[in-house]
Amino acid sequence: MIRGQFLGPARLTAAGFILLILAGTVLLMLPVSANVPHWTPFLPALFTATSAVSLTGLVVEDTATYWTPFGQTVIIVLIQLGGLGIMSLASLSGMLLTGRISFSARRTSAAEGRPVAPGGVRRALLLTIALTLVCEALVAVFIGVRLATAHDVSPKRAVWEGIFHAISAFNNAGFSTYSDSLVSFAADGWILIPLALALITGGLGYPMLAEFVRRVRGRWTRWRGGNPRIHRMSMTARMTLTATALLLAGGTVFFFVSEGSGVLQGMPLGQRLLNAFFLSASPRTAGFNAIDYGEAHPITLMFTDILMFIGGGSAGTAGGIKVTTACVLAAAMTSEFLGREDTSIGHRRLPLSTFRQALALTAAGMIVVSLGVATLRMWDPEFTSDQITFEVMSAFATVGLSTGITASLSAPSQIMLCLIMYVGRVGPTTFVAALAARTISRRFRYPEERPFIG
């Protein structure tokens with residue numbers, strides 16, 4: 001039996017994002033949106049709107065010079081709506097699929113065993129919005145003050161750029177009001193570190209942030225003399241935190257070594273560490289760049305491709321297949337290598353359906369990327385395989401990093417990237433929802449036969 005009730009919200013989400021992209025396209029086509037004496041052509045407006053709504057950051061027109069303040073405002077509003085919509089929708093879809101929230105009034109316990117009280121959906125949405133606005137406000141103030149005091153930016157401009165970069169960073173969008181993104185701030189840790197923390201926080205995902213808030217609230221209540229129940233950290237939170245820390249640390253070391261004689265050469269030790277850390281954080285999946293990826297070593301591009309494909313936390317603003325998916329696959333491989341019958345993480349056994357969903361999502365992502373690379377290679381053969389792969393992976397994982405070829409791609413290739421960005425942002429949520437909702441009961445089983453593997 002197919003439980004179709006879960007497919008409705010997924011389809012509604014996909015349609016809603018299309019409508020938001022089309023609305024943004026129309027607004028960006030208006031003469032008031034661009035510093036040109038005519039309407040912006042449809043394709044650049046569509047590409048920019050798709051990139052903003054999908055929280056990617058790839059651009060075919062320079063955000064700093066081509067778009068007017070009105071056009072930049074449209075872009076940042078699209079980013080905020082795309083980010084809030086994705087966080088809310090993905091979080092609620094995840095809770096629906098795991099049985100934590102049911103619109104039929106049956107609410108089962110959450111991961112830590114506490115039931116969701118009536119009105120839990122509304123509280124989840126409000127908490128999502130509150131966390132988003134608080135984080136963005138803190139980063140905006142910090143960046144604005146730094147720009148005004150250390151970079152001779154006028155107070156009015158500093159406020160706008162602080163808000164723009166805070167929203168772009170927390171939502172992992174990667175849009176910047178500077179033509180070179182953050183290259184001019186490569187030596188300023190007071191700019192790069194707050195933005196890195198914002199993009200990491202947004203990329204952790206709403207379930208992780210909500211759990212953190214609950215635990216802090218419980219600790220605070222206990223400190224004041226209360227006796228709250230502090231629940232065990234969920235498997236999702238532990239996987240997300242552990243994988244994020246390992247990828248950040250491992251990526252920092254890798255980039256420090258791989259680009260030690262490349263784009264990081266000549267920098268003082270502290271600046272090299274700072275930029276290696278930012279190189280590790282940004283591909284998952286913010287899209288800001290403090291170095292020129294067109295000058296990076298091919299091995300750097302390859303490792304960045306891997307980070308982009310993995311992405312960030314579930315139900316957040318990050319893209320990719322998500323770190324939890326990668327953890328499930330790694331745990332399954334480990335169990336197979338060790339000859340264990342069950343796949344477990346942290347003394348918890350994983351159901352077979354979880355592994356199958358992770359495998360299906362990863363395979364689907366690889367198919368989309370492979371088709372995209374083949375298509376762009378056919379339409380734009382003048383670019384190298386490294387450049388094309390980097391561009392397609394960036395679009396699928398909604399990262400926004402580029403070696404500088406986006407604007408030079410042919411119109412069919414840019415349209416293909418629009419489709420890949422849309423699929424990369426909306427696809428994983430709807431795909432996993434469809435997989436989880438599709439249950440077929442049979443009254444028979446076929447005979448078992450084991451083929452040769454390897």
# chains A, B, ... in the order shown; residues from 1 in each chain; ligands from 1
$ residues_around --residues "Pro37 (chain A)" --least-positions-apart "5" --cutoff "12 Å" --atoms "only C-alpha atoms" --output "PyMOL selection string"
chain A and resi 29-32+66-68
$ closest_atom_pairs --of "region 196-275 of chain A" --to "region 307-327 of chain A" --cutoff "8 Å" --atoms "only C-alpha atoms" --output "JSON lines"
{"residue": "A:Gly202", "atom": "CA", "partner": "A:Thr317", "partner_atom": "CA", "distance": 5.8}
{"residue": "A:Gly203", "atom": "CA", "partner": "A:Ala318", "partner_atom": "CA", "distance": 4.6}
{"residue": "A:Leu204", "atom": "CA", "partner": "A:Gly313", "partner_atom": "CA", "distance": 4.4}
{"residue": "A:Gly205", "atom": "CA", "partner": "A:Gly316", "partner_atom": "CA", "distance": 3.5}
{"residue": "A:Tyr206", "atom": "CA", "partner": "A:Gly316", "partner_atom": "CA", "distance": 5.5}
{"residue": "A:Pro207", "atom": "CA", "partner": "A:Ala315", "partner_atom": "CA", "distance": 6.9}
{"residue": "A:Thr236", "atom": "CA", "partner": "A:Thr324", "partner_atom": "CA", "distance": 6.9}
{"residue": "A:Met239", "atom": "CA", "partner": "A:Thr324", "partner_atom": "CA", "distance": 6.1}
{"residue": "A:Thr240", "atom": "CA", "partner": "A:Gly313", "partner_atom": "CA", "distance": 5.9}
{"residue": "A:Ala243", "atom": "CA", "partner": "A:Val323", "partner_atom": "CA", "distance": 6.3}
{"residue": "A:Thr244", "atom": "CA", "partner": "A:Gly312", "partner_atom": "CA", "distance": 7.4}
{"residue": "A:Leu247", "atom": "CA", "partner": "A:Leu307", "partner_atom": "CA", "distance": 7.8}
$ select_by_dssp --residues "region 163-364 of chain A" --states "strand (DSSP E)" --output "list in words"
Ser344, Ile345, Arg348 and Arg349 of chain A
$ select_by_dssp --residues "region 177-400 of chain A" --states "alpha helix (DSSP H)" --output "PyMOL selection string"
chain A and resi 189-204+206-223+235-258+269-281+298-310+323-337+352-379+385-396
$ atom_distance --atom1 "CA of Leu209 (chain A)" --atom2 "CA of Ile21 (chain A)"
27.6 Å
$ closest_residue --among "A:His38, A:Ala173, A:Val423, A:Ala158" --to "Leu78 (chain A)" --atoms "only C-alpha atoms"
A:Ala173
$ closest_residue --among "A:Phe254, A:Ala290, A:Glu136, A:Phe164" --to "Ser184 (chain A)" --atoms "only C-alpha atoms"
A:Ala290
